[in-house]
Structure formats: C-alpha cells, structure tokens
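See below for the structure under consideration.
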Amino acid sequence: MEQRTVQDVLGDRRWLVLTGAGVSTDSGIPDYRGPGSPVRTPMTYQDFVRTPEGRQRYWARAHVGWSRMRGAEPNATHRALVELERQGRLTGLITQNVDGLHERAGHRDVIDLHGRIDRVICLQCREVTPRSDLHARLSQLNPGYESRVGEVAPDGDVVLDDTADFRVAECRTCGGDLKPDVVFFGENVPKERVERSYALVAEAEALVVLGSSLQVMSGLRFVRAAHKRSIPIAIINRGTTRGDDLATVKLEAGCAETLAALNGTTAPA
C-alpha cells in the first residue's frame, strides 16, 4: 500500500506506538524473524533457571556480546519518534525491545514491555543492579574472555560453542543467581507493565506498529485490543505479521523513511 494511505488512515489522530526488533536493526542489533534472518533458538526462562550450566552458557555468550550491545546507538527511527513525542503527536510508546535505545535517544515516556538488558536482577533477593557493574566483575573473573568472537544474536549475546570454562558471578548481596532484567521466552511479562499498556490502548486514537512481526502474544494482544476498540491500526514492517488481518493498513517498508514521510521530512541520517 502507498504511504499516503497510511496518512489517510491516521489523519490528525495522535498515535500509540508499539515497536519491535525491526526498529533496532539499523543500530546493528539483529532481529529474530526479519526477512533473511537465520533460524535462532533463544534461551528460555526454564533453561536458564534449571541448571548452573544453562546460566553459565548464557552469561558467557552475553558477556562477549555486551560490548556490541552497549555500543549500539539510537538510529533515525528512534530519533523520529522522539521528535513526534516532542510535537505532541504520540500518546505513548510500548517497546518489545530490551536495548534501551528509545530512552537513550531522548524518549521520555517508554514502557519497556520485556525489560532492559542494561540491568541485572537477583532471582533470590530481587535486587536490581547495573549491567555495567556485573560486566566489570565478569571481566575480572574471566580475563580476556570477551575478546572471543562469534555471530551476534538478537539478545545481545554471541554464538559460542564451548562455554565450560566461564566463571559466573553471584549476587553480591545474597549469593543468589543473577539474570538479566528482561523477560525470557517462557516467562510472563510483569502484570503492572501489561496493565499500563492496556490502559494506553484504551485511550489511544490510533495504534502504529513499527518493526514487529507480532509473533509473540505479549505484543499481539495489544493489537487485538485496539482492533476490538475499532481504532485505526497501521503496521509498518518488512515481512508478514500475525496482526496483518487486524490492520487498517499494512505497509512493507522501512520504519525510518515511513516516519519521515508521515512527518513531511526526509529520513534523518
């Protein structure tokens, strides 16, 4: 469909935006299901908590990948959304991404639906600490380990075959097991975030989905809720999504250039 069709559908309505991994690919963070993406098997919550070996495998891969993830910078799509927020054209932003790039770009009001990879939580005492602190500790425990190379995966880790020699750090407060403060596959999104997101949908004039295949229910349910309210739904994503049949308009195009066209500008560099 033409970009003008998206403009016609949205009109002068203010948008609620739902973003997915396709928004961050221009920042060098690969996605799970975009066109051409290899088949990936992410670690599940059950795998992580079941055995020390599972946590060792995760943290070894994540430690090597953290340098790439923390070095990622907001891209044109993040900046365009900040400008739209500044103009008062958005009613809220829900992101399925854990990279924190919306906030780093300057977005003031973001619901990080799946948490943040730059924080760490103890599974026992629930203390939340900065990822940078853990990274420094892991570097001391595993000198030179982060210089290993492997294919970068969407969760900010890299593919490593052998992680048996990696030393995992424990919670400094209680000695418990540490986990990134993100929602793993097989884990539930905290109720408070879900309720806040539904509240935004309930008040939205339109919903715009950017860069999400909507394959997981955590995001798709908000599209279904918007459809039930009969508000306009625009989906901008390269490739099909589970919400295509619910969309008022679906555009297979890049997010940055689409937002620029809707804003009457050229895509920022």
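So you can find residues: chains in the structure tokens are A, B, ... in the order shown, residues in each start at 1, and ligands are numbered from 1 in order.
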- Message: Neighbouring residues of Glu53 in chain A were defined as those with any atom within 12 Å, considering only C-alpha atoms; residues of the same chain fewer than 2 positions away were excluded. Please report them as a list in words.
- Response: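 Using only C-alpha atoms, the neighbours found are Asp47, Phe48, Val49, Arg50, Thr51, Arg55, Gln56, Arg57, Tyr58, Trp59, Ala60, Asp162, Thr163, Ala164, Asp165, Phe166, Arg167 and Val168 of chain A.
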Limited to all heavy atoms, could you put the picked residues into a file as a short mmCIF file (atom, residue, chain, number, x, y, z; two decimals), in the first residue's frame?
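The resulting file, selection_13.cif, is shown below:
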data_model
loop_
_atom_site.label_atom_id
_atom_site.label_comp_id
_atom_site.auth_asym_id
_atom_site.auth_seq_id
_atom_site.Cartn_x
_atom_site.Cartn_y
_atom_site.Cartn_z
N ASP A 47 15.20 -23.03 30.76
CA ASP A 47 16.58 -23.46 30.55
C ASP A 47 17.53 -22.68 31.46
O ASP A 47 18.51 -23.23 31.96
CB ASP A 47 17.00 -23.24 29.09
CG ASP A 47 16.32 -24.22 28.15
OD1 ASP A 47 15.89 -25.29 28.61
OD2 ASP A 47 16.21 -23.89 26.95
N PHE A 48 17.25 -21.39 31.64
CA PHE A 48 18.14 -20.55 32.44
C PHE A 48 18.13 -20.97 33.91
O PHE A 48 19.19 -21.05 34.54
CB PHE A 48 17.73 -19.08 32.30
CG PHE A 48 18.67 -18.13 32.98
CD1 PHE A 48 19.79 -17.65 32.32
CD2 PHE A 48 18.44 -17.70 34.28
CE1 PHE A 48 20.66 -16.76 32.94
CE2 PHE A 48 19.30 -16.81 34.91
CZ PHE A 48 20.42 -16.35 34.24
N VAL A 49 16.96 -21.20 34.46
CA VAL A 49 16.88 -21.48 35.90
C VAL A 49 17.12 -22.95 36.23
O VAL A 49 17.40 -23.28 37.39
CB VAL A 49 15.50 -21.06 36.48
CG1 VAL A 49 15.27 -19.56 36.26
CG2 VAL A 49 14.37 -21.88 35.87
N ARG A 50 17.05 -23.83 35.24
CA ARG A 50 17.10 -25.27 35.52
C ARG A 50 18.47 -25.74 36.02
O ARG A 50 18.55 -26.52 36.97
CB ARG A 50 16.71 -26.06 34.27
CG ARG A 50 16.60 -27.57 34.49
CD ARG A 50 16.13 -28.26 33.24
NE ARG A 50 14.78 -27.85 32.87
CZ ARG A 50 14.43 -27.35 31.71
NH1 ARG A 50 15.34 -27.17 30.75
NH2 ARG A 50 13.17 -27.02 31.46
N THR A 51 19.55 -25.28 35.39
CA THR A 51 20.87 -25.81 35.73
C THR A 51 21.93 -24.72 35.77
O THR A 51 21.81 -23.70 35.07
CB THR A 51 21.33 -26.86 34.69
OG1 THR A 51 21.52 -26.20 33.41
CG2 THR A 51 20.31 -27.98 34.54
N ARG A 55 22.94 -21.34 32.99
CA ARG A 55 23.29 -19.95 33.33
C ARG A 55 24.73 -19.64 32.89
O ARG A 55 25.02 -18.53 32.43
CB ARG A 55 23.11 -19.73 34.84
CG ARG A 55 21.65 -19.80 35.27
CD ARG A 55 21.47 -19.44 36.71
NE ARG A 55 21.97 -20.45 37.64
CZ ARG A 55 21.31 -21.55 37.98
NH1 ARG A 55 20.12 -21.79 37.47
NH2 ARG A 55 21.83 -22.41 38.85
N GLN A 56 25.61 -20.61 33.02
CA GLN A 56 26.98 -20.41 32.57
C GLN A 56 27.02 -20.15 31.06
O GLN A 56 27.70 -19.23 30.59
CB GLN A 56 27.81 -21.65 32.90
CG GLN A 56 29.26 -21.58 32.46
CD GLN A 56 29.98 -22.90 32.68
OE1 GLN A 56 29.49 -23.95 32.26
NE2 GLN A 56 31.12 -22.87 33.36
N ARG A 57 26.27 -20.94 30.31
CA ARG A 57 26.22 -20.76 28.85
C ARG A 57 25.68 -19.38 28.51
O ARG A 57 26.22 -18.69 27.64
CB ARG A 57 25.35 -21.85 28.22
CG ARG A 57 25.06 -21.66 26.74
CD ARG A 57 24.28 -22.84 26.19
NE ARG A 57 23.80 -22.58 24.83
CZ ARG A 57 22.62 -22.06 24.54
NH1 ARG A 57 21.77 -21.75 25.53
NH2 ARG A 57 22.26 -21.86 23.29
N TYR A 58 24.61 -18.98 29.19
CA TYR A 58 24.03 -17.67 28.87
C TYR A 58 25.01 -16.55 29.17
O TYR A 58 25.25 -15.68 28.32
CB TYR A 58 22.73 -17.43 29.65
CG TYR A 58 22.23 -16.03 29.39
CD1 TYR A 58 21.46 -15.76 28.26
CD2 TYR A 58 22.60 -14.95 30.21
CE1 TYR A 58 21.06 -14.46 27.97
CE2 TYR A 58 22.21 -13.66 29.91
CZ TYR A 58 21.44 -13.42 28.80
OH TYR A 58 21.06 -12.14 28.51
N TRP A 59 25.56 -16.53 30.38
CA TRP A 59 26.40 -15.40 30.78
C TRP A 59 27.70 -15.34 30.00
O TRP A 59 28.24 -14.25 29.74
CB TRP A 59 26.66 -15.42 32.28
CG TRP A 59 25.50 -14.90 33.07
CD1 TRP A 59 24.75 -15.56 34.00
CD2 TRP A 59 24.93 -13.59 32.97
NE1 TRP A 59 23.76 -14.75 34.49
CE2 TRP A 59 23.84 -13.54 33.88
CE3 TRP A 59 25.22 -12.46 32.21
CZ2 TRP A 59 23.07 -12.39 34.04
CZ3 TRP A 59 24.45 -11.32 32.37
CH2 TRP A 59 23.39 -11.29 33.28
N ALA A 60 28.24 -16.50 29.59
CA ALA A 60 29.45 -16.49 28.76
C ALA A 60 29.17 -15.80 27.43
O ALA A 60 29.92 -14.91 26.99
CB ALA A 60 29.94 -17.92 28.53
N ASP A 162 31.72 -23.51 23.06
CA ASP A 162 32.23 -24.07 24.32
C ASP A 162 32.31 -22.97 25.37
O ASP A 162 33.06 -22.01 25.23
CB ASP A 162 33.62 -24.68 24.09
CG ASP A 162 34.16 -25.36 25.34
OD1 ASP A 162 33.40 -25.50 26.32
OD2 ASP A 162 35.34 -25.74 25.33
N THR A 163 31.51 -23.12 26.42
CA THR A 163 31.49 -22.12 27.50
C THR A 163 31.82 -22.74 28.86
O THR A 163 31.59 -22.13 29.89
CB THR A 163 30.11 -21.45 27.57
OG1 THR A 163 29.10 -22.44 27.80
CG2 THR A 163 29.79 -20.72 26.27
N ALA A 164 32.36 -23.96 28.85
CA ALA A 164 32.55 -24.71 30.09
C ALA A 164 33.57 -24.07 31.03
O ALA A 164 33.55 -24.35 32.25
CB ALA A 164 32.97 -26.15 29.78
N ASP A 165 34.44 -23.22 30.51
CA ASP A 165 35.48 -22.62 31.36
C ASP A 165 35.08 -21.24 31.88
O ASP A 165 35.89 -20.58 32.56
CB ASP A 165 36.80 -22.53 30.61
CG ASP A 165 36.70 -21.70 29.33
OD1 ASP A 165 35.57 -21.51 28.83
OD2 ASP A 165 37.75 -21.26 28.82
N PHE A 166 33.87 -20.81 31.63
CA PHE A 166 33.45 -19.48 32.04
C PHE A 166 33.03 -19.48 33.51
O PHE A 166 32.30 -20.36 33.96
CB PHE A 166 32.29 -18.99 31.18
CG PHE A 166 31.93 -17.54 31.41
CD1 PHE A 166 32.67 -16.53 30.83
CD2 PHE A 166 30.84 -17.20 32.21
CE1 PHE A 166 32.35 -15.19 31.04
CE2 PHE A 166 30.51 -15.87 32.42
CZ PHE A 166 31.26 -14.86 31.83
N ARG A 167 33.46 -18.47 34.25
CA ARG A 167 33.12 -18.34 35.66
C ARG A 167 31.99 -17.33 35.83
O ARG A 167 32.09 -16.20 35.37
CB ARG A 167 34.35 -17.90 36.46
CG ARG A 167 35.50 -18.91 36.43
CD ARG A 167 36.69 -18.39 37.21
NE ARG A 167 36.37 -18.20 38.63
CZ ARG A 167 37.16 -17.56 39.49
NH1 ARG A 167 38.30 -17.01 39.06
NH2 ARG A 167 36.81 -17.44 40.76
N VAL A 168 30.92 -17.76 36.47
CA VAL A 168 29.72 -16.93 36.65
C VAL A 168 29.77 -16.22 38.00
O VAL A 168 30.16 -16.80 39.01
CB VAL A 168 28.45 -17.80 36.56
CG1 VAL A 168 27.20 -16.96 36.80
CG2 VAL A 168 28.38 -18.48 35.20
#
- Per DSSP on the backbone, what are the alpha helix (DSSP H) residues of range 24-266 of chain A, as a PyMOL selection string? chain A and resi 45-50+52-71+76-86+101-105+131-141+191-203+217-229+255-262
Test item: residues at most 10 Å from range 6-12 of chain A, only C-alpha atoms, excluding those fewer than 2 positions along its chain, as a CSV table (one decimal) with all heavy atoms, in the first residue's frame:
chain,number,residue,atom,x,y,z
A,1,MET,N,0.8,-1.2,0.0
A,1,MET,CA,0.0,0.0,0.0
A,1,MET,C,0.9,1.3,0.0
A,1,MET,O,2.0,1.2,0.4
A,1,MET,CB,-0.9,0.0,1.2
A,1,MET,CG,-1.9,-1.1,1.3
A,1,MET,SD,-3.0,-1.0,2.7
A,1,MET,CE,-4.0,-2.4,2.4
A,2,GLU,N,0.3,2.4,-0.5
A,2,GLU,CA,1.1,3.6,-0.5
A,2,GLU,C,1.2,4.3,0.8
A,2,GLU,O,0.3,4.1,1.7
A,2,GLU,CB,0.4,4.6,-1.5
A,2,GLU,CG,0.3,4.0,-2.9
A,2,GLU,CD,1.7,3.8,-3.6
A,2,GLU,OE1,2.6,4.6,-3.2
A,2,GLU,OE2,1.8,2.9,-4.4
A,3,GLN,N,2.3,5.0,1.0
A,3,GLN,CA,2.5,5.7,2.3
A,3,GLN,C,1.3,6.7,2.5
A,3,GLN,O,0.9,6.9,3.6
A,3,GLN,CB,3.8,6.5,2.2
A,3,GLN,CG,5.0,5.6,2.3
A,3,GLN,CD,6.3,6.3,2.3
A,3,GLN,OE1,6.3,7.5,2.0
A,3,GLN,NE2,7.4,5.6,2.6
A,4,ARG,N,0.8,7.3,1.4
A,4,ARG,CA,-0.3,8.2,1.6
A,4,ARG,C,-1.5,7.5,2.2
A,4,ARG,O,-2.3,8.2,2.9
A,4,ARG,CB,-0.7,8.8,0.2
A,4,ARG,CG,-1.8,9.8,0.2
A,4,ARG,CD,-1.4,11.0,1.1
A,4,ARG,NE,-2.6,11.8,1.5
A,4,ARG,CZ,-2.5,12.8,2.3
A,4,ARG,NH1,-1.4,13.1,2.9
A,4,ARG,NH2,-3.6,13.4,2.6
A,14,ARG,N,-3.7,11.3,17.2
A,14,ARG,CA,-2.5,11.0,18.0
A,14,ARG,C,-2.3,9.5,18.1
A,14,ARG,O,-3.2,8.8,18.3
A,14,ARG,CB,-2.5,11.7,19.4
A,14,ARG,CG,-2.7,13.2,19.3
A,14,ARG,CD,-2.9,13.8,20.6
A,14,ARG,NE,-1.7,13.7,21.5
A,14,ARG,CZ,-1.7,13.6,22.8
A,14,ARG,NH1,-2.9,13.4,23.4
A,14,ARG,NH2,-0.6,13.5,23.5
A,15,TRP,N,-1.0,9.1,18.0
A,15,TRP,CA,-0.8,7.6,18.0
A,15,TRP,C,-0.2,7.1,19.3
A,15,TRP,O,0.5,7.7,20.0
A,15,TRP,CB,0.3,7.3,16.9
A,15,TRP,CG,0.3,8.1,15.7
A,15,TRP,CD1,-0.7,8.7,15.1
A,15,TRP,CD2,1.4,8.3,14.8
A,15,TRP,NE1,-0.3,9.3,13.9
A,15,TRP,CE2,1.0,9.0,13.7
A,15,TRP,CE3,2.8,7.8,14.9
A,15,TRP,CZ2,1.9,9.4,12.7
A,15,TRP,CZ3,3.6,8.2,13.8
A,15,TRP,CH2,3.2,9.0,12.8
A,89,ARG,N,2.4,14.4,19.2
A,89,ARG,CA,1.7,13.6,18.3
A,89,ARG,C,1.5,12.1,18.7
A,89,ARG,O,0.8,11.3,18.1
A,89,ARG,CB,2.3,13.6,16.9
A,89,ARG,CG,2.2,15.0,16.3
A,89,ARG,CD,3.0,15.1,14.9
A,89,ARG,NE,2.3,14.2,13.9
A,89,ARG,CZ,2.9,14.1,12.7
A,89,ARG,NH1,4.0,14.8,12.3
A,89,ARG,NH2,2.2,13.3,11.8
A,205,GLU,N,-6.1,6.9,20.1
A,205,GLU,CA,-6.8,7.3,19.0
A,205,GLU,C,-6.5,6.5,17.8
A,205,GLU,O,-7.2,6.3,16.8
A,205,GLU,CB,-6.6,8.8,18.6
A,205,GLU,CG,-7.1,9.7,19.8
A,205,GLU,CD,-6.8,11.2,19.5
A,205,GLU,OE1,-6.2,11.5,18.4
A,205,GLU,OE2,-7.1,12.0,20.3
A,206,ALA,N,-5.2,5.9,17.8
A,206,ALA,CA,-4.7,5.1,16.7
A,206,ALA,C,-3.5,4.3,17.2
A,206,ALA,O,-2.9,4.8,18.2
A,206,ALA,CB,-4.3,5.9,15.4
A,207,LEU,N,-3.3,3.1,16.6
A,207,LEU,CA,-2.1,2.3,17.0
A,207,LEU,C,-1.2,2.2,15.8
A,207,LEU,O,-1.7,1.8,14.7
A,207,LEU,CB,-2.6,1.0,17.5
A,207,LEU,CG,-1.4,0.0,17.9
A,207,LEU,CD1,-0.6,0.5,19.0
A,207,LEU,CD2,-2.0,-1.4,18.2
A,208,VAL,N,0.1,2.4,16.0
A,208,VAL,CA,1.0,2.3,14.9
A,208,VAL,C,2.1,1.2,15.4
A,208,VAL,O,2.7,1.4,16.5
A,208,VAL,CB,1.7,3.6,14.6
A,208,VAL,CG1,2.8,3.4,13.5
A,208,VAL,CG2,0.7,4.6,14.1
A,231,ILE,N,-10.3,1.2,16.6
A,231,ILE,CA,-9.5,2.3,16.2
A,231,ILE,C,-8.6,2.0,15.1
A,231,ILE,O,-8.3,0.8,14.9
A,231,ILE,CB,-8.7,2.8,17.4
A,231,ILE,CG1,-7.7,1.8,17.9
A,231,ILE,CG2,-9.6,3.3,18.6
A,231,ILE,CD1,-6.7,2.3,19.0
A,232,PRO,N,-8.1,2.9,14.3
A,232,PRO,CA,-7.2,2.6,13.2
A,232,PRO,C,-5.9,1.9,13.7
A,232,PRO,O,-5.3,2.3,14.7
A,232,PRO,CB,-6.9,4.0,12.6
A,232,PRO,CG,-8.0,4.8,13.0
A,232,PRO,CD,-8.4,4.4,14.3
A,233,ILE,N,-5.5,0.9,12.9
A,233,ILE,CA,-4.2,0.2,13.2
A,233,ILE,C,-3.3,0.3,11.9
A,233,ILE,O,-3.8,-0.2,10.9
A,233,ILE,CB,-4.5,-1.2,13.6
A,233,ILE,CG1,-5.3,-1.3,14.9
A,233,ILE,CG2,-3.1,-2.0,13.8
A,233,ILE,CD1,-5.8,-2.7,15.2
A,234,ALA,N,-2.2,0.8,12.0
A,234,ALA,CA,-1.2,0.9,10.9
A,234,ALA,C,0.0,0.0,11.3
A,234,ALA,O,0.6,0.2,12.4
A,234,ALA,CB,-0.8,2.3,10.6
A,235,ILE,N,0.4,-1.0,10.5
A,235,ILE,CA,1.5,-1.8,10.8
A,235,ILE,C,2.6,-1.5,9.7
A,235,ILE,O,2.3,-1.7,8.5
A,235,ILE,CB,1.1,-3.3,10.8
A,235,ILE,CG1,0.1,-3.6,11.9
A,235,ILE,CG2,2.4,-4.2,10.9
A,235,ILE,CD1,-0.3,-5.1,11.9
A,236,ILE,N,3.7,-1.1,10.1
A,236,ILE,CA,4.9,-0.9,9.2
A,236,ILE,C,5.9,-1.9,9.6
A,236,ILE,O,6.5,-1.9,10.6
A,236,ILE,CB,5.4,0.5,9.3
A,236,ILE,CG1,4.4,1.6,8.8
A,236,ILE,CG2,6.7,0.7,8.5
A,236,ILE,CD1,3.5,2.1,9.9
A,248,THR,N,-5.7,-1.9,9.7
A,248,THR,CA,-6.4,-1.0,8.8
A,248,THR,C,-5.6,-0.8,7.6
A,248,THR,O,-6.1,-0.7,6.5
A,248,THR,CB,-6.7,0.3,9.5
A,248,THR,OG1,-7.3,0.1,10.8
A,248,THR,CG2,-7.7,1.2,8.7
A,249,VAL,N,-4.3,-0.7,7.8
A,249,VAL,CA,-3.3,-0.5,6.7
A,249,VAL,C,-2.0,-1.2,7.1
A,249,VAL,O,-1.6,-1.1,8.2
A,249,VAL,CB,-3.1,0.9,6.3
A,249,VAL,CG1,-2.6,1.7,7.5
A,249,VAL,CG2,-2.1,1.1,5.1
A,250,LYS,N,-1.4,-2.0,6.1
A,250,LYS,CA,-0.2,-2.6,6.3
A,250,LYS,C,0.8,-2.1,5.3
A,250,LYS,O,0.5,-2.2,4.1
A,250,LYS,CB,-0.3,-4.1,6.2
A,250,LYS,CG,1.0,-4.9,6.0
A,250,LYS,CD,1.9,-4.8,7.2
A,250,LYS,CE,3.3,-5.5,7.0
A,250,LYS,NZ,3.2,-6.9,6.6
A,251,LEU,N,2.0,-1.7,5.7
A,251,LEU,CA,3.0,-1.2,4.8
A,251,LEU,C,4.3,-1.9,5.0
A,251,LEU,O,4.8,-2.0,6.1
A,251,LEU,CB,3.2,0.3,5.0
A,251,LEU,CG,4.2,1.1,4.1
A,251,LEU,CD1,3.6,1.1,2.7
A,251,LEU,CD2,4.4,2.5,4.6
A,258,THR,N,9.4,5.7,6.5
A,258,THR,CA,7.9,5.9,6.6
A,258,THR,C,7.6,7.0,7.6
A,258,THR,O,6.7,7.8,7.3
A,258,THR,CB,7.3,4.6,7.1
A,258,THR,OG1,7.6,3.5,6.1
A,258,THR,CG2,5.8,4.7,7.2
A,261,ALA,N,8.2,10.3,6.0
A,261,ALA,CA,7.2,10.7,5.0
A,261,ALA,C,5.9,11.2,5.7
A,261,ALA,O,5.3,12.1,5.3
A,261,ALA,CB,6.9,9.5,4.1
A,262,LEU,N,5.6,10.5,6.8
A,262,LEU,CA,4.4,10.9,7.6
A,262,LEU,C,4.6,12.2,8.2
A,262,LEU,O,3.6,13.0,8.5
A,262,LEU,CB,4.1,9.8,8.6
A,262,LEU,CG,3.6,8.5,8.1
A,262,LEU,CD1,3.5,7.5,9.2
A,262,LEU,CD2,2.3,8.6,7.4
A,263,ASN,N,5.9,12.6,8.5
A,263,ASN,CA,6.2,13.8,9.2
A,263,ASN,C,6.5,14.9,8.2
A,263,ASN,O,6.9,16.1,8.6
A,263,ASN,CB,7.4,13.6,10.2
A,263,ASN,CG,7.3,14.6,11.3
A,263,ASN,OD1,6.3,15.2,11.6
A,263,ASN,ND2,8.5,14.9,11.9
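Nearest-residue note for Gly106 in chain A: choosing from A:Val159, A:Val120, A:Ala72, A:Leu84, the minimum distance belongs to A:Leu84, counting only C-alpha atoms.
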- For the atom pair CA of Val182 in chain A and CA of Gly20 in chain A, what is the interatomic distance in Å to one decimal place?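 A separation of 14.6 Å between them.
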- Please, which residues of range 47-201 of chain A, numbered as in this document, come out strand (DSSP E or B) from DSSP, as a list in words?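 Answer for range 47-201 of chain A, restricted to strand (DSSP E or B): Leu90, Thr91, Gly92, Leu93, Ile94, Thr95, Val110, Ile111, Asp112, Gly115, Arg116, Ile117, Asp118, Arg119, Val120, Ile121, Cys122, Val128, Thr129, Pro130, Val152, Val158, Leu178, Lys179, Pro180, Asp181, Val182 and Phe185 of chain A.
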Selection to disk with N, CA, C and O atoms, as an mmCIF file, in the first residue's frame:
data_model
loop_
_atom_site.group_PDB
_atom_site.id
_atom_site.type_symbol
_atom_site.label_atom_id
_atom_site.label_comp_id
_atom_site.auth_asym_id
_atom_site.auth_seq_id
_atom_site.Cartn_x
_atom_site.Cartn_y
_atom_site.Cartn_z
ATOM 1 N N LEU A 90 2.195 11.798 19.842
ATOM 2 C CA LEU A 90 2.107 10.441 20.384
ATOM 3 C C LEU A 90 1.404 10.461 21.738
ATOM 4 O O LEU A 90 1.540 11.407 22.509
ATOM 5 N N THR A 91 0.673 9.396 22.016
ATOM 6 C CA THR A 91 0.054 9.247 23.337
ATOM 7 C C THR A 91 0.825 8.259 24.206
ATOM 8 O O THR A 91 0.523 8.130 25.390
ATOM 9 N N GLY A 92 1.812 7.602 23.635
ATOM 10 C CA GLY A 92 2.611 6.665 24.401
ATOM 11 C C GLY A 92 3.434 5.797 23.489
ATOM 12 O O GLY A 92 3.221 5.754 22.266
ATOM 13 N N LEU A 93 4.408 5.098 24.070
ATOM 14 C CA LEU A 93 5.259 4.184 23.311
ATOM 15 C C LEU A 93 5.497 2.928 24.139
ATOM 16 O O LEU A 93 5.969 3.004 25.272
ATOM 17 N N ILE A 94 5.152 1.792 23.559
ATOM 18 C CA ILE A 94 5.415 0.487 24.155
ATOM 19 C C ILE A 94 6.463 -0.184 23.286
ATOM 20 O O ILE A 94 6.291 -0.279 22.066
ATOM 21 N N THR A 95 7.554 -0.648 23.864
ATOM 22 C CA THR A 95 8.555 -1.350 23.068
ATOM 23 C C THR A 95 8.739 -2.770 23.558
ATOM 24 O O THR A 95 8.738 -3.039 24.763
ATOM 25 N N VAL A 110 8.430 5.697 28.030
ATOM 26 C CA VAL A 110 8.521 4.410 27.338
ATOM 27 C C VAL A 110 8.137 3.292 28.297
ATOM 28 O O VAL A 110 8.592 3.271 29.445
ATOM 29 N N ILE A 111 7.297 2.371 27.839
ATOM 30 C CA ILE A 111 7.055 1.137 28.590
ATOM 31 C C ILE A 111 7.957 0.071 27.992
ATOM 32 O O ILE A 111 7.779 -0.338 26.839
ATOM 33 N N ASP A 112 8.960 -0.353 28.742
ATOM 34 C CA ASP A 112 9.862 -1.424 28.307
ATOM 35 C C ASP A 112 9.188 -2.756 28.634
ATOM 36 O O ASP A 112 9.434 -3.356 29.684
ATOM 37 N N GLY A 115 11.466 -5.550 29.575
ATOM 38 C CA GLY A 115 12.559 -5.230 30.474
ATOM 39 C C GLY A 115 13.720 -4.559 29.776
ATOM 40 O O GLY A 115 13.619 -4.102 28.637
ATOM 41 N N ARG A 116 14.854 -4.512 30.482
ATOM 42 C CA ARG A 116 16.042 -3.818 29.988
ATOM 43 C C ARG A 116 17.279 -4.680 30.170
ATOM 44 O O ARG A 116 17.564 -5.160 31.267
ATOM 45 N N ILE A 117 18.060 -4.819 29.097
ATOM 46 C CA ILE A 117 19.251 -5.648 29.120
ATOM 47 C C ILE A 117 20.388 -4.969 29.884
ATOM 48 O O ILE A 117 21.383 -5.616 30.245
ATOM 49 N N ASP A 118 20.254 -3.665 30.164
ATOM 50 C CA ASP A 118 21.316 -2.961 30.883
ATOM 51 C C ASP A 118 21.136 -3.029 32.393
ATOM 52 O O ASP A 118 21.826 -2.338 33.137
ATOM 53 N N ARG A 119 20.210 -3.881 32.844
ATOM 54 C CA ARG A 119 20.018 -4.113 34.274
ATOM 55 C C ARG A 119 20.091 -5.608 34.553
ATOM 56 O O ARG A 119 19.802 -6.441 33.702
ATOM 57 N N VAL A 120 20.430 -5.931 35.785
ATOM 58 C CA VAL A 120 20.546 -7.322 36.231
ATOM 59 C C VAL A 120 19.718 -7.489 37.493
ATOM 60 O O VAL A 120 19.712 -6.602 38.358
ATOM 61 N N ILE A 121 19.026 -8.613 37.611
ATOM 62 C CA ILE A 121 18.206 -8.864 38.797
ATOM 63 C C ILE A 121 18.619 -10.176 39.440
ATOM 64 O O ILE A 121 18.970 -11.142 38.751
ATOM 65 N N CYS A 122 18.620 -10.209 40.772
ATOM 66 C CA CYS A 122 18.904 -11.443 41.502
ATOM 67 C C CYS A 122 17.606 -12.238 41.625
ATOM 68 O O CYS A 122 16.582 -11.703 42.050
ATOM 69 N N VAL A 128 18.069 -5.205 42.001
ATOM 70 C CA VAL A 128 18.387 -4.839 40.627
ATOM 71 C C VAL A 128 19.645 -3.972 40.629
ATOM 72 O O VAL A 128 19.744 -2.999 41.389
ATOM 73 N N THR A 129 20.603 -4.336 39.790
ATOM 74 C CA THR A 129 21.877 -3.624 39.725
ATOM 75 C C THR A 129 22.233 -3.339 38.264
ATOM 76 O O THR A 129 21.702 -3.980 37.350
ATOM 77 N N PRO A 130 23.138 -2.391 38.018
ATOM 78 C CA PRO A 130 23.517 -2.066 36.638
ATOM 79 C C PRO A 130 24.283 -3.212 35.976
ATOM 80 O O PRO A 130 25.118 -3.867 36.602
ATOM 81 N N VAL A 152 26.785 -12.511 16.209
ATOM 82 C CA VAL A 152 25.971 -11.737 17.143
ATOM 83 C C VAL A 152 24.515 -12.171 17.030
ATOM 84 O O VAL A 152 23.968 -12.291 15.935
ATOM 85 N N VAL A 158 26.515 -13.616 21.822
ATOM 86 C CA VAL A 158 27.137 -14.156 20.615
ATOM 87 C C VAL A 158 27.111 -15.665 20.693
ATOM 88 O O VAL A 158 27.019 -16.258 21.778
ATOM 89 N N LEU A 178 22.088 -14.565 39.303
ATOM 90 C CA LEU A 178 21.796 -13.326 38.591
ATOM 91 C C LEU A 178 21.228 -13.621 37.210
ATOM 92 O O LEU A 178 21.640 -14.569 36.542
ATOM 93 N N LYS A 179 20.303 -12.770 36.794
ATOM 94 C CA LYS A 179 19.646 -12.902 35.497
ATOM 95 C C LYS A 179 19.506 -11.497 34.912
ATOM 96 O O LYS A 179 19.279 -10.540 35.651
ATOM 97 N N PRO A 180 19.637 -11.340 33.604
ATOM 98 C CA PRO A 180 19.346 -10.012 33.039
ATOM 99 C C PRO A 180 17.903 -9.644 33.343
ATOM 100 O O PRO A 180 17.024 -10.515 33.377
ATOM 101 N N ASP A 181 17.650 -8.380 33.566
ATOM 102 C CA ASP A 181 16.305 -7.941 33.950
ATOM 103 C C ASP A 181 15.424 -7.812 32.706
ATOM 104 O O ASP A 181 14.893 -6.748 32.390
ATOM 105 N N VAL A 182 15.292 -8.932 31.998
ATOM 106 C CA VAL A 182 14.470 -8.991 30.795
ATOM 107 C C VAL A 182 13.547 -10.202 30.898
ATOM 108 O O VAL A 182 13.804 -11.136 31.666
ATOM 109 N N PHE A 185 11.872 -15.916 26.883
ATOM 110 C CA PHE A 185 10.829 -16.764 26.331
ATOM 111 C C PHE A 185 10.397 -17.762 27.403
ATOM 112 O O PHE A 185 11.237 -18.344 28.089
#
- Task: Would you kindly return, as an MDAnalysis selection string, each protein, DNA or RNA residue with an atom no farther than 10 Å from any atom of His114 in chain A, considering only C-alpha atoms and excluding same-chain residues fewer than 6 positions away?
- Result: chainID A and resid 94:99 181:185 187:190 193 218:219
- Query: Just how far from CA of Ser67 in chain A is CA of Asp157 in chain A, in Å to one decimal?
  - Reply: 9.4 Å
- Task: Measuring atom to atom with only C-alpha atoms, identify which of A:Ala260, A:Met217, A:Leu246, A:Met69 is nearest to Pro30 in chain A.
- Result: A:Met69
Per-residue nearest contacts of range 51-134 of chain A to range 253-256 of chain A (10 Å; only C-alpha atoms) as CSV:
residue,atom,partner,partner_atom,distance
A:Asn75,CA,A:Ala256,CA,8.4
A:Ala76,CA,A:Ala256,CA,5.7
A:Thr77,CA,A:Ala256,CA,4.5
A:His78,CA,A:Ala256,CA,8.3
A:Arg79,CA,A:Ala256,CA,9.0
A:Ala80,CA,A:Ala256,CA,7.3
A:Leu81,CA,A:Ala256,CA,9.3
- Task: Within 7 Å of Gly186 in chain A, counting only C-alpha atoms, which residues show up once you throw out same-chain ones fewer than 5 positions away? Write them as a list in words, please.
- Result: Thr44, Tyr45 and Gln46 of chain A
- Query: So, counting only C-alpha atoms, which residue among A:Ala199, A:Pro42, A:Gly22, A:Val194 is closest to Thr241 in chain A?
  - Reply: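 Using only C-alpha atoms, the shortest distance to Thr241 in chain A belongs to A:Gly22.
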